[in-house]
file structure38.csv (CSV, C-alpha atoms (C1' of nucleotides))
chain,number,residue,atom,x,y,z
A,533,MET,CA,-0.2,-14.3,19.0
A,534,LEU,CA,-3.6,-12.8,18.2
A,535,GLY,CA,-3.2,-10.3,21.0
A,536,SER,CA,0.0,-8.8,19.7
A,537,LEU,CA,-1.5,-7.9,16.3
A,538,ILE,CA,-2.4,-4.3,16.0
A,539,LEU,CA,-3.6,-2.5,12.9
A,540,GLN,CA,-2.9,1.2,12.4
A,541,ASP,CA,-4.6,3.6,10.0
A,542,ASN,CA,-1.4,5.0,8.7
A,543,GLY,CA,-1.6,4.4,4.9
A,544,VAL,CA,0.2,1.1,5.1
A,545,PRO,CA,-2.0,-1.7,3.5
A,546,ILE,CA,-3.5,-4.1,6.1
A,547,TYR,CA,-1.9,-7.2,4.6
A,548,VAL,CA,1.5,-5.5,4.8
A,549,GLN,CA,1.0,-4.6,8.4
A,550,LEU,CA,0.0,-8.2,9.2
A,551,ARG,CA,2.8,-9.6,7.2
A,552,ASP,CA,5.4,-7.5,8.9
A,553,GLN,CA,4.0,-8.0,12.4
A,554,ILE,CA,3.9,-11.8,12.1
A,555,ALA,CA,7.4,-11.8,10.6
A,556,ALA,CA,8.5,-9.8,13.6
A,557,ALA,CA,6.9,-12.2,16.0
A,558,ILE,CA,8.7,-15.0,14.4
A,559,GLY,CA,12.0,-13.1,14.4
A,560,ARG,CA,11.6,-12.3,18.1
A,561,GLY,CA,11.2,-16.0,18.8
A,562,GLU,CA,7.7,-15.4,20.1
A,563,LEU,CA,6.5,-18.0,17.5
A,564,LYS,CA,8.8,-20.9,17.3
A,565,PRO,CA,9.6,-23.2,14.4
A,566,GLY,CA,6.9,-25.8,13.9
A,567,GLU,CA,4.5,-23.9,16.0
A,568,ARG,CA,1.0,-23.5,14.7
A,569,LEU,CA,-0.2,-20.0,13.9
A,570,ALA,CA,-3.7,-18.7,14.5
A,571,THR,CA,-6.0,-19.8,11.7
A,572,MET,CA,-6.7,-17.2,9.0
A,573,ARG,CA,-10.3,-17.1,10.1
A,574,GLU,CA,-9.3,-16.4,13.7
A,575,VAL,CA,-7.1,-13.5,12.7
A,576,ALA,CA,-9.8,-12.2,10.3
A,577,VAL,CA,-12.4,-12.2,13.1
A,578,ALA,CA,-10.1,-10.9,15.8
A,579,LEU,CA,-9.1,-7.9,13.7
A,580,ALA,CA,-12.3,-7.5,11.8
A,581,VAL,CA,-10.7,-7.8,8.4
A,582,ASP,CA,-11.5,-10.0,5.5
A,583,LEU,CA,-10.3,-13.6,5.2
A,584,ASN,CA,-8.8,-12.7,1.8
A,585,THR,CA,-6.7,-10.0,3.4
A,586,VAL,CA,-5.3,-12.3,6.0
A,587,GLN,CA,-4.7,-15.0,3.3
A,588,ARG,CA,-2.7,-12.5,1.4
A,589,ALA,CA,-0.5,-11.8,4.4
A,590,TYR,CA,0.1,-15.5,5.1
A,591,GLN,CA,0.8,-16.2,1.5
A,592,ALA,CA,3.4,-13.4,1.4
A,593,LEU,CA,5.1,-15.0,4.4
A,594,ALA,CA,5.0,-18.4,2.9
A,595,ASP,CA,6.6,-17.0,-0.3
A,596,GLU,CA,9.4,-15.6,1.9
A,597,GLY,CA,9.8,-19.1,3.5
A,598,LEU,CA,8.8,-18.0,6.9
A,599,LEU,CA,5.8,-20.3,7.2
A,600,THR,CA,4.1,-23.2,5.5
A,601,MET,CA,0.3,-23.6,5.0
A,602,VAL,CA,-1.4,-27.0,4.9
A,603,GLN,CA,-4.9,-27.2,3.7
A,604,GLY,CA,-7.2,-28.7,6.4
A,605,ARG,CA,-4.5,-28.5,9.1
A,606,GLY,CA,-3.3,-24.9,9.5
A,607,SER,CA,-0.3,-22.7,9.1
A,608,PHE,CA,3.0,-23.4,10.8
A,609,VAL,CA,6.2,-21.5,11.4
A,610,ALA,CA,8.8,-22.9,9.0
A,611,GLU,CA,11.5,-25.1,10.4
A,612,THR,CA,14.9,-23.6,10.2
A,613,PRO,CA,16.6,-25.1,7.1
A,614,ALA,CA,19.9,-26.9,7.3
A,615,ARG,CA,23.0,-24.7,6.9
A,616,PRO,CA,23.5,-23.8,3.3
A,617,ARG,CA,26.8,-24.6,1.6
A,618,ASN,CA,28.1,-21.2,0.6
A,619,ARG,CA,27.3,-19.7,4.0
A,620,GLU,CA,29.5,-16.6,4.0
A,621,ASN,CA,28.2,-15.5,0.7
A,622,GLU,CA,24.5,-16.0,1.6
A,623,ILE,CA,25.0,-13.9,4.8
A,624,HIS,CA,26.7,-11.2,2.8
A,625,ILE,CA,23.9,-11.1,0.2
A,626,LEU,CA,21.2,-11.0,3.0
A,627,ALA,CA,23.1,-8.2,4.8
A,628,ALA,CA,23.2,-6.1,1.7
A,629,LYS,CA,19.5,-6.6,1.0
A,630,VAL,CA,18.6,-5.9,4.6
A,631,ALA,CA,20.7,-2.8,4.7
A,632,ALA,CA,18.7,-1.4,1.8
A,633,GLN,CA,15.5,-2.2,3.7
A,634,ALA,CA,16.8,-0.3,6.7
A,635,ARG,CA,17.8,2.7,4.7
A,636,ALA,CA,14.5,2.7,3.0
A,637,GLN,CA,13.0,3.3,6.4
A,638,GLY,CA,15.5,6.0,7.4
A,639,ILE,CA,17.4,3.5,9.6
A,640,THR,CA,21.1,3.1,9.3
A,641,PRO,CA,22.6,-0.4,8.9
A,642,ASP,CA,24.5,0.3,12.1
A,643,GLU,CA,21.4,1.0,14.1
A,644,LEU,CA,19.8,-2.1,12.8
A,645,ALA,CA,22.9,-4.2,13.6
A,646,ASP,CA,22.7,-3.0,17.2
A,647,ALA,CA,19.0,-3.8,17.4
A,648,LEU,CA,19.7,-7.2,16.0
A,649,LYS,CA,22.2,-7.9,18.7
A,650,ARG,CA,19.6,-7.1,21.3
A,651,VAL,CA,17.1,-9.4,19.7
A,652,ALA,CA,19.6,-12.2,19.5
A,653,GLY,CA,21.2,-11.5,22.8
A,654,PRO,CA,18.7,-12.8,25.5
A,655,ASP,CA,18.1,-16.2,24.1
A,656,ALA,CA,20.3,-16.9,21.0
B,199,MET,CA,18.6,14.8,1.2
B,200,LEU,CA,17.7,13.7,-2.2
B,201,GLY,CA,20.4,11.0,-2.2
B,202,SER,CA,19.0,9.3,0.9
B,203,LEU,CA,15.6,8.8,-0.5
B,204,ILE,CA,15.0,5.3,-1.7
B,205,LEU,CA,11.8,3.7,-2.9
B,206,GLN,CA,11.1,0.0,-2.6
B,207,ASP,CA,8.5,-2.2,-4.2
B,208,ASN,CA,7.3,-3.8,-1.0
B,209,GLY,CA,3.6,-3.0,-1.0
B,210,VAL,CA,4.0,0.3,0.9
B,211,PRO,CA,2.5,3.2,-1.0
B,212,ILE,CA,5.1,5.6,-2.4
B,213,TYR,CA,3.8,8.6,-0.6
B,214,VAL,CA,4.0,6.7,2.7
B,215,GLN,CA,7.6,5.7,2.0
B,216,LEU,CA,8.6,9.3,1.3
B,217,ARG,CA,6.7,10.6,4.3
B,218,ASP,CA,8.3,8.1,6.7
B,219,GLN,CA,11.8,8.5,5.3
B,220,ILE,CA,11.7,12.3,5.5
B,221,ALA,CA,10.3,12.1,9.0
B,222,ALA,CA,13.1,9.8,9.9
B,223,ALA,CA,15.7,12.2,8.4
B,224,ILE,CA,14.2,15.0,10.5
B,225,GLY,CA,14.1,12.7,13.6
B,226,ARG,CA,17.8,11.8,13.0
B,227,GLY,CA,18.7,15.5,12.9
B,228,GLU,CA,19.9,15.2,9.3
B,229,LEU,CA,17.4,17.9,8.4
B,230,LYS,CA,17.5,20.7,10.9
B,231,PRO,CA,14.7,23.0,12.0
B,232,GLY,CA,14.3,25.9,9.6
B,233,GLU,CA,16.2,24.1,6.9
B,234,ARG,CA,14.8,24.1,3.4
B,235,LEU,CA,13.8,20.8,1.9
B,236,ALA,CA,14.3,19.7,-1.7
B,237,THR,CA,11.5,21.1,-3.9
B,238,MET,CA,8.6,18.8,-4.6
B,239,ARG,CA,9.6,18.9,-8.3
B,240,GLU,CA,13.2,18.0,-7.5
B,241,VAL,CA,12.0,15.0,-5.5
B,242,ALA,CA,9.6,14.0,-8.2
B,243,VAL,CA,12.2,14.1,-10.9
B,244,ALA,CA,14.9,12.5,-8.9
B,245,LEU,CA,12.7,9.5,-7.9
B,246,ALA,CA,10.7,9.5,-11.2
B,247,VAL,CA,7.4,9.8,-9.4
B,248,ASP,CA,4.5,12.1,-9.9
B,249,LEU,CA,4.5,15.6,-8.4
B,250,ASN,CA,1.1,14.9,-6.8
B,251,THR,CA,2.6,11.9,-5.1
B,252,VAL,CA,5.4,14.0,-3.5
B,253,GLN,CA,2.9,16.7,-2.6
B,254,ARG,CA,0.9,14.1,-0.7
B,255,ALA,CA,3.9,13.1,1.3
B,256,TYR,CA,4.8,16.7,2.1
B,257,GLN,CA,1.2,17.5,3.0
B,258,ALA,CA,1.1,14.5,5.4
B,259,LEU,CA,4.2,15.8,7.1
B,260,ALA,CA,2.8,19.3,7.3
B,261,ASP,CA,-0.3,17.9,8.9
B,262,GLU,CA,1.9,16.2,11.5
B,263,GLY,CA,3.6,19.5,12.1
B,264,LEU,CA,7.0,18.3,10.9
B,265,LEU,CA,7.3,20.9,8.1
B,266,THR,CA,5.7,24.0,6.7
B,267,MET,CA,5.1,24.7,3.0
B,268,VAL,CA,5.1,28.2,1.6
B,269,GLN,CA,3.9,28.9,-1.8
B,270,GLY,CA,6.6,30.4,-4.0
B,271,ARG,CA,9.3,29.8,-1.5
B,272,GLY,CA,9.6,26.2,-0.6
B,273,SER,CA,9.1,23.7,2.2
B,274,PHE,CA,11.0,24.0,5.5
B,275,VAL,CA,11.5,21.8,8.5
B,276,ALA,CA,9.3,23.1,11.3
B,277,GLU,CA,11.0,25.2,14.0
B,278,THR,CA,9.3,23.2,16.8
B,279,PRO,CA,9.2,19.7,15.6
B,280,ALA,CA,5.8,18.8,17.0
B,281,ARG,CA,5.7,15.1,17.9
B,282,PRO,CA,9.0,13.4,17.5
B,283,ARG,CA,8.4,9.9,16.2
B,284,ASN,CA,9.2,6.7,18.1
B,285,ARG,CA,12.3,5.7,16.2
B,286,GLU,CA,13.5,3.2,18.7
B,287,ASN,CA,10.3,1.2,18.3
B,288,GLU,CA,10.5,1.3,14.5
B,289,ILE,CA,14.0,0.1,14.7
B,290,HIS,CA,13.1,-2.8,17.0
B,291,ILE,CA,10.2,-3.9,14.7
B,292,LEU,CA,12.5,-3.9,11.7
B,293,ALA,CA,15.1,-5.9,13.6
B,294,ALA,CA,12.6,-8.5,14.6
B,295,LYS,CA,11.3,-8.8,11.1
B,296,VAL,CA,14.7,-9.1,9.6
B,297,ALA,CA,15.7,-11.7,12.2
B,298,ALA,CA,12.9,-13.9,10.9
B,299,GLN,CA,14.2,-13.5,7.4
B,300,ALA,CA,17.6,-14.6,8.5
B,301,ARG,CA,16.4,-17.5,10.5
B,302,ALA,CA,14.3,-18.8,7.6
B,303,GLN,CA,17.6,-19.0,5.8
B,304,GLY,CA,19.5,-20.8,8.5
B,305,ILE,CA,21.3,-17.6,9.5
B,306,THR,CA,21.4,-16.4,13.1
B,307,PRO,CA,20.5,-12.8,13.9
B,308,ASP,CA,23.9,-12.5,15.4
B,309,GLU,CA,25.7,-13.4,12.2
B,310,LEU,CA,23.6,-11.0,10.3
B,311,ALA,CA,24.3,-8.2,12.7
B,312,ASP,CA,28.1,-8.8,12.3
B,313,ALA,CA,27.7,-8.8,8.5
B,314,LEU,CA,25.8,-5.5,8.8
B,315,LYS,CA,28.5,-3.9,10.8
B,316,ARG,CA,30.9,-4.8,8.1
B,317,VAL,CA,28.6,-3.2,5.5
B,318,ALA,CA,28.2,-0.1,7.6
B,319,GLY,CA,31.8,0.1,8.7
B,320,PRO,CA,33.6,1.6,5.6
B,321,ASP,CA,31.4,4.6,5.1
B,322,ALA,CA,29.0,5.0,8.0
C,641,DG,C1',-18.2,-42.4,6.3
C,642,DA,C1',-20.3,-37.7,8.3
C,643,DG,C1',-19.4,-33.4,9.9
C,644,DA,C1',-16.4,-29.8,11.4
C,645,DT,C1',-12.2,-27.3,10.6
C,646,DT,C1',-8.9,-25.0,7.7
C,647,DG,C1',-6.7,-23.5,3.6
C,648,DT,C1',-7.8,-22.2,-1.4
C,649,DA,C1',-10.2,-19.8,-4.9
C,650,DT,C1',-13.3,-16.6,-7.7
C,651,DG,C1',-16.3,-12.7,-9.1
C,652,DA,C1',-18.3,-8.3,-8.1
C,653,DA,C1',-18.3,-3.8,-5.8
C,654,DT,C1',-16.0,0.1,-3.6
C,655,DA,C1',-12.3,2.9,-2.2
C,656,DC,C1',-7.5,4.2,-2.5
C,657,DT,C1',-2.9,4.9,-5.1
C,658,DA,C1',-0.4,6.8,-8.8
C,659,DT,C1',0.2,8.8,-13.1
C,660,DC,C1',-0.6,12.2,-16.8
C,661,DA,C1',-1.7,16.6,-18.3
C,662,DT,C1',-2.6,21.1,-17.2
C,663,DA,C1',-3.4,25.3,-14.9
C,664,DC,C1',-3.4,28.8,-11.1
C,665,DA,C1',-1.3,31.5,-7.1
C,666,DA,C1',2.3,33.3,-4.3
C,667,DT,C1',7.2,34.5,-4.0
C,668,DC,C1',11.6,35.7,-5.6
C,669,DT,C1',15.1,37.7,-9.0
C,670,DC,C1',16.4,41.0,-12.3
D,990,DG,C1',6.8,44.9,-14.0
D,991,DA,C1',8.5,40.4,-16.5
D,992,DG,C1',9.9,35.9,-16.0
D,993,DA,C1',11.3,32.0,-13.3
D,994,DT,C1',10.5,29.2,-9.3
D,995,DT,C1',7.6,26.8,-6.1
D,996,DG,C1',3.5,25.3,-3.9
D,997,DT,C1',-1.6,24.3,-4.9
D,998,DA,C1',-5.3,22.4,-7.5
D,999,DT,C1',-8.3,19.5,-10.8
D,1000,DG,C1',-10.1,16.0,-14.0
D,1001,DA,C1',-9.3,11.7,-16.3
D,1002,DT,C1',-7.4,7.1,-16.3
D,1003,DA,C1',-5.3,2.6,-14.9
D,1004,DG,C1',-4.0,-0.3,-11.4
D,1005,DT,C1',-4.2,-2.0,-6.6
D,1006,DA,C1',-6.4,-2.9,-1.9
D,1007,DT,C1',-10.3,-4.4,0.6
D,1008,DT,C1',-14.5,-6.2,1.4
D,1009,DC,C1',-18.5,-9.2,0.6
D,1010,DA,C1',-20.4,-13.5,-0.7
D,1011,DT,C1',-19.8,-17.9,-1.8
D,1012,DA,C1',-17.8,-22.3,-2.9
D,1013,DC,C1',-14.4,-26.0,-3.2
D,1014,DA,C1',-10.5,-29.1,-1.3
D,1015,DA,C1',-7.8,-31.4,2.1
D,1016,DT,C1',-7.5,-32.8,6.8
D,1017,DC,C1',-9.0,-34.1,11.3
D,1018,DT,C1',-12.4,-36.0,14.8
D,1019,DC,C1',-16.0,-39.1,16.1

call {"tool": "encode", "arguments": {"input": "structure38.csv", "output": "structure tokens"}}
result
Amino acid sequence: MLGSLILQDNGVPIYVQLRDQIAAAIGRGELKPGERLATMREVAVALAVDLNTVQRAYQALADEGLLTMVQGRGSFVAETPARPRNRENEIHILAAKVAAQARAQGITPDELADALKRVAGPDA
Amino acid sequence: MLGSLILQDNGVPIYVQLRDQIAAAIGRGELKPGERLATMREVAVALAVDLNTVQRAYQALADEGLLTMVQGRGSFVAETPARPRNRENEIHILAAKVAAQARAQGITPDELADALKRVAGPDA
DNA sequence: GAGATTGTATGAATACTATCATACAATCTC
DNA sequence: GAGATTGTATGATAGTATTCATACAATCTC
């Protein structure tokens, strides 16, 4: 995982870059549920950034429910939760939210949907 | 163009969001070479941000060679768009990130993609 | 239990982001 | 030429991001 993290000097805060790249690795299935992530210190040293900066990224991911952090043990990719009750509605809400995210990057929901099919295709 | 600009509170600086969205619009061909962009003041008023913030976004785009600014006249999409951005890659990164969001909620990327198609369908 | 590992937390210093207010300079319209 | 429009510029201020240094707390290994 450490090897795939790259920081760019493009105005985007470091913790945001880390947050998004780790989330992407999880989404790609590169990091599987239950798997242990690199320690915050490992990431900090490898990328030559501060421990607090890495913590901020991990914390943001934990807030999103993508990983859990356990003091003394490490950080782990969250297990996929059981299927929610009102599934159709949840999907619809997420889709709307994600469509907005896409548009905010100049990407159409349609383009994103196609890309998602490609992400899901190979293994899902 | 004004209508397609959206700002999110996701940790990314405003001027970066503007810069990237306008770059994406140019890359998508939505804004054509030679075409006049919205005035900095128009963008500032429409999005309720400061004129200086918009200027910074425009300046960054001018530095990239994507547009030219002429005092008293306005800003225009460059005739020879210098370095087209790697849109495909940006789309893939977003897709992977969004897939993680979905999985964390017990939703498969495939289901999300279908829902997105439905969102996009009516108008896109 | 001792020591190492790992996440959590705080306070200070520096740089960047964004706003507000204001003004100047080049261009266009009439 | 007068006035409006549009890009350019500056100084002050508040908030955020990042680093540095340091320390504490929970867990694991031996």

call {"tool": "closest_residue", "arguments": {"input": "structure38.csv", "among": "A:Arg551, A:Arg615, A:Lys564, A:Arg588", "to": "chain D", "atoms": "all atoms listed in the file"}}
result
A:Arg588

call {"tool": "interface_residues", "arguments": {"input": "structure38.csv", "of": "chain D", "to": "chain B", "cutoff": "12 Å", "atoms": "all atoms listed in the file", "output": "ChimeraX atom specification"}}
result
/D:993-999,1005-1006

call {"tool": "calpha_fit_and_write", "arguments": {"input": "structure38.csv", "fixed": "chain A", "moving": "chain B", "output": "compact mmCIF listing (two decimals) with C-alpha atoms, in the frame of the given file"}}
result
# COMPACT_ATOMS: atom_id res chain seq x y z
CA MET B 199 3.09 -15.92 17.62
CA LEU B 200 0.34 -13.48 17.44
CA GLY B 201 2.29 -10.92 19.51
CA SER B 202 5.20 -10.85 17.06
CA LEU B 203 3.14 -9.96 14.11
CA ILE B 204 3.35 -6.33 13.21
CA LEU B 205 1.97 -4.53 10.19
CA GLN B 206 3.51 -1.39 8.77
CA ASP B 207 2.22 1.16 6.32
CA ASN B 208 5.24 1.10 4.06
CA GLY B 209 3.76 0.20 0.70
CA VAL B 210 4.17 -3.58 1.19
CA PRO B 211 0.88 -5.41 0.79
CA ILE B 212 -0.48 -6.80 4.06
CA TYR B 213 -0.57 -10.35 2.91
CA VAL B 214 3.10 -10.10 1.90
CA GLN B 215 4.04 -8.71 5.31
CA LEU B 216 2.28 -11.57 7.10
CA ARG B 217 3.73 -14.16 4.76
CA ASP B 218 7.31 -12.91 5.19
CA GLN B 219 7.04 -12.46 8.95
CA ILE B 220 5.63 -15.96 9.50
CA ALA B 221 8.27 -17.41 7.23
CA ALA B 222 10.86 -15.60 9.23
CA ALA B 223 9.41 -16.95 12.52
CA ILE B 224 9.60 -20.46 11.07
CA GLY B 225 13.17 -19.79 9.75
CA ARG B 226 14.18 -18.53 13.25
CA GLY B 227 12.87 -21.74 14.81
CA GLU B 228 10.28 -19.81 16.82
CA LEU B 229 7.62 -21.96 15.18
CA LYS B 230 8.65 -25.57 15.14
CA PRO B 231 7.78 -28.26 12.63
CA GLY B 232 4.41 -29.81 13.40
CA GLU B 233 3.43 -26.90 15.57
CA ARG B 234 -0.01 -25.42 15.15
CA LEU B 235 -0.27 -21.85 13.99
CA ALA B 236 -2.75 -19.24 15.19
CA THR B 237 -6.08 -19.66 13.37
CA MET B 238 -6.65 -17.44 10.38
CA ARG B 239 -9.55 -15.84 12.30
CA GLU B 240 -7.37 -15.20 15.34
CA VAL B 241 -4.81 -13.47 13.13
CA ALA B 242 -7.47 -11.50 11.38
CA VAL B 243 -9.01 -10.25 14.56
CA ALA B 244 -5.80 -9.57 16.31
CA LEU B 245 -4.40 -7.45 13.41
CA ALA B 246 -7.86 -6.08 12.37
CA VAL B 247 -7.48 -7.32 8.83
CA ASP B 248 -9.75 -9.31 6.63
CA LEU B 249 -9.89 -13.10 6.89
CA ASN B 250 -9.30 -13.36 3.12
CA THR B 251 -6.15 -11.36 3.55
CA VAL B 252 -4.76 -13.80 6.17
CA GLN B 253 -5.87 -16.75 4.07
CA ARG B 254 -3.81 -15.37 1.20
CA ALA B 255 -0.74 -15.21 3.34
CA TYR B 256 -1.24 -18.74 4.65
CA GLN B 257 -1.93 -20.04 1.15
CA ALA B 258 1.32 -18.43 -0.12
CA LEU B 259 3.22 -20.19 2.62
CA ALA B 260 1.53 -23.48 1.88
CA ASP B 261 2.50 -23.10 -1.73
CA GLU B 262 6.11 -22.62 -0.63
CA GLY B 263 5.81 -25.75 1.43
CA LEU B 264 6.34 -23.97 4.75
CA LEU B 265 2.97 -25.03 6.23
CA THR B 266 0.00 -27.26 5.65
CA MET B 267 -3.64 -26.28 6.17
CA VAL B 268 -6.27 -28.79 7.18
CA GLN B 269 -9.85 -27.96 7.05
CA GLY B 270 -11.50 -28.19 10.45
CA ARG B 271 -8.26 -28.62 12.26
CA GLY B 272 -5.93 -25.79 11.65
CA SER B 273 -2.67 -24.82 9.99
CA PHE B 274 0.64 -26.46 10.99
CA VAL B 275 4.26 -25.80 10.28
CA ALA B 276 5.45 -28.32 7.71
CA GLU B 277 7.44 -31.31 9.00
CA THR B 278 10.12 -30.85 6.30
CA PRO B 279 10.49 -27.19 5.87
CA ALA B 280 10.99 -27.19 2.12
CA ARG B 281 13.24 -24.28 1.11
CA PRO B 282 14.62 -22.41 4.03
CA ARG B 283 14.75 -18.74 3.16
CA ASN B 284 17.93 -16.68 2.83
CA ARG B 285 17.69 -14.78 6.08
CA GLU B 286 21.23 -13.59 6.11
CA ASN B 287 20.69 -11.79 2.81
CA GLU B 288 17.46 -10.18 4.01
CA ILE B 289 19.22 -9.02 7.05
CA HIS B 290 22.09 -7.49 5.07
CA ILE B 291 19.66 -5.63 2.72
CA LEU B 292 17.81 -4.18 5.67
CA ALA B 293 21.07 -3.10 7.28
CA ALA B 294 22.20 -1.35 4.17
CA LYS B 295 18.91 0.40 3.79
CA VAL B 296 18.82 1.52 7.35
CA ALA B 297 22.42 2.74 7.15
CA ALA B 298 21.32 5.14 4.42
CA GLN B 299 18.57 6.40 6.64
CA ALA B 300 21.03 7.07 9.37
CA ARG B 301 23.55 8.72 7.18
CA ALA B 302 20.93 11.06 5.71
CA GLN B 303 20.51 12.21 9.27
CA GLY B 304 24.15 12.72 10.04
CA ILE B 305 24.27 9.50 12.07
CA THR B 306 26.90 6.84 11.45
CA PRO B 307 25.83 3.21 11.05
CA ASP B 308 28.06 2.45 13.94
CA GLU B 309 26.25 4.77 16.31
CA LEU B 310 22.98 3.36 15.26
CA ALA B 311 24.12 -0.17 15.81
CA ASP B 312 25.21 0.74 19.41
CA ALA B 313 21.83 2.41 20.02
CA LEU B 314 20.14 -0.77 18.74
CA LYS B 315 22.05 -2.95 21.08
CA ARG B 316 20.86 -0.83 23.89
CA VAL B 317 17.25 -1.22 22.68
CA ALA B 318 17.66 -4.95 22.32
CA GLY B 319 19.65 -5.43 25.49
CA PRO B 320 16.95 -5.30 28.27
CA ASP B 321 14.61 -7.87 26.87
CA ALA B 322 16.18 -9.64 23.91

call {"tool": "closest_residue", "arguments": {"input": "structure38.csv", "among": "B:Ala258, B:Ala302, B:Val296, B:Gly225", "to": "A:Pro613", "atoms": "only C-alpha atoms"}}
result
B:Ala302

call {"tool": "interface_residues", "arguments": {"input": "structure38.csv", "of": "chain B", "to": "chain A", "cutoff": "8 Å", "atoms": "all atoms listed in the file", "output": "ChimeraX atom specification"}}
result
/B:202-206,209-211,214-215,218-220,222-223,289-315,317-318,322

call {"tool": "closest_atom_pairs", "arguments": {"input": "structure38.csv", "of": "chain C", "to": "chain B", "cutoff": "12 Å", "atoms": "only C-alpha atoms (C1' of nucleotides)", "output": "Markdown table"}}
result
| residue | atom | partner | partner_atom | distance |
| --- | --- | --- | --- | --- |
| C:DC656 | C1' | B:Pro211 | CA | 10.2 |
| C:DT657 | C1' | B:Pro211 | CA | 7.0 |
| C:DA658 | C1' | B:Thr251 | CA | 7.0 |
| C:DT659 | C1' | B:Asp248 | CA | 6.3 |
| C:DC660 | C1' | B:Asp248 | CA | 8.6 |
| C:DA661 | C1' | B:Asp248 | CA | 11.4 |
| C:DC664 | C1' | B:Gln269 | CA | 11.8 |
| C:DA665 | C1' | B:Gln269 | CA | 7.9 |
| C:DA666 | C1' | B:Gly270 | CA | 5.2 |
| C:DT667 | C1' | B:Gly270 | CA | 4.1 |
| C:DC668 | C1' | B:Gly270 | CA | 7.5 |

call {"tool": "atom_distance", "arguments": {"input": "structure38.csv", "atom1": "atom CA of A:Glu567", "atom2": "atom C1' of C:DA644"}}
result
22.2 Å

call {"tool": "atom_distance", "arguments": {"input": "structure38.csv", "atom1": "atom CA of B:Val243", "atom2": "atom CA of B:Ala255"}}
result
14.8 Å

call {"tool": "atom_distance", "arguments": {"input": "structure38.csv", "atom1": "atom C1' of D:DA1014", "atom2": "atom C1' of C:DA642"}}
result
16.2 Å

call {"tool": "closest_residue", "arguments": {"input": "structure38.csv", "among": "C:DG641, C:DT648, C:DT654, C:DT669", "to": "D:DC1009", "atoms": "all atoms listed in the file"}}
result
C:DT654

call {"tool": "decode", "arguments": {"input": "structure38.csv", "residues": "stretch 641-663 of chain C", "atoms": "C-alpha atoms (C1' of nucleotides)", "output": "PDB file, in the first residue's frame"}}
result
ATOM      1  C1'  DG C 641       5.700  -7.320  34.500  1.00  0.00           C
ATOM      2  C1'  DA C 642       9.131  -4.764  31.002  1.00  0.00           C
ATOM      3  C1'  DG C 643       9.674  -2.959  26.731  1.00  0.00           C
ATOM      4  C1'  DA C 644       8.273  -2.101  22.116  1.00  0.00           C
ATOM      5  C1'  DT C 645       4.616  -0.826  19.030  1.00  0.00           C
ATOM      6  C1'  DT C 646       0.655   1.912  17.720  1.00  0.00           C
ATOM      7  C1'  DG C 647      -2.993   5.089  18.132  1.00  0.00           C
ATOM      8  C1'  DT C 648      -4.289   9.610  20.623  1.00  0.00           C
ATOM      9  C1'  DA C 649      -3.509  14.192  22.143  1.00  0.00           C
ATOM     10  C1'  DT C 650      -1.662  19.042  22.881  1.00  0.00           C
ATOM     11  C1'  DG C 651       0.729  23.469  22.285  1.00  0.00           C
ATOM     12  C1'  DA C 652       3.568  26.473  19.512  1.00  0.00           C
ATOM     13  C1'  DA C 653       5.294  28.222  15.091  1.00  0.00           C
ATOM     14  C1'  DT C 654       4.875  29.013  10.139  1.00  0.00           C
ATOM     15  C1'  DA C 655       2.683  29.129   5.805  1.00  0.00           C
ATOM     16  C1'  DC C 656      -1.425  29.061   3.018  1.00  0.00           C
ATOM     17  C1'  DT C 657      -6.486  30.158   2.034  1.00  0.00           C
ATOM     18  C1'  DA C 658     -10.186  33.268   1.832  1.00  0.00           C
ATOM     19  C1'  DT C 659     -12.497  37.401   2.730  1.00  0.00           C
ATOM     20  C1'  DC C 660     -13.117  42.445   2.861  1.00  0.00           C
ATOM     21  C1'  DA C 661     -12.245  46.844   1.191  1.00  0.00           C
ATOM     22  C1'  DT C 662     -10.315  49.553  -2.116  1.00  0.00           C
ATOM     23  C1'  DA C 663      -7.936  51.215  -6.005  1.00  0.00           C
TER      24       DA C 663
END
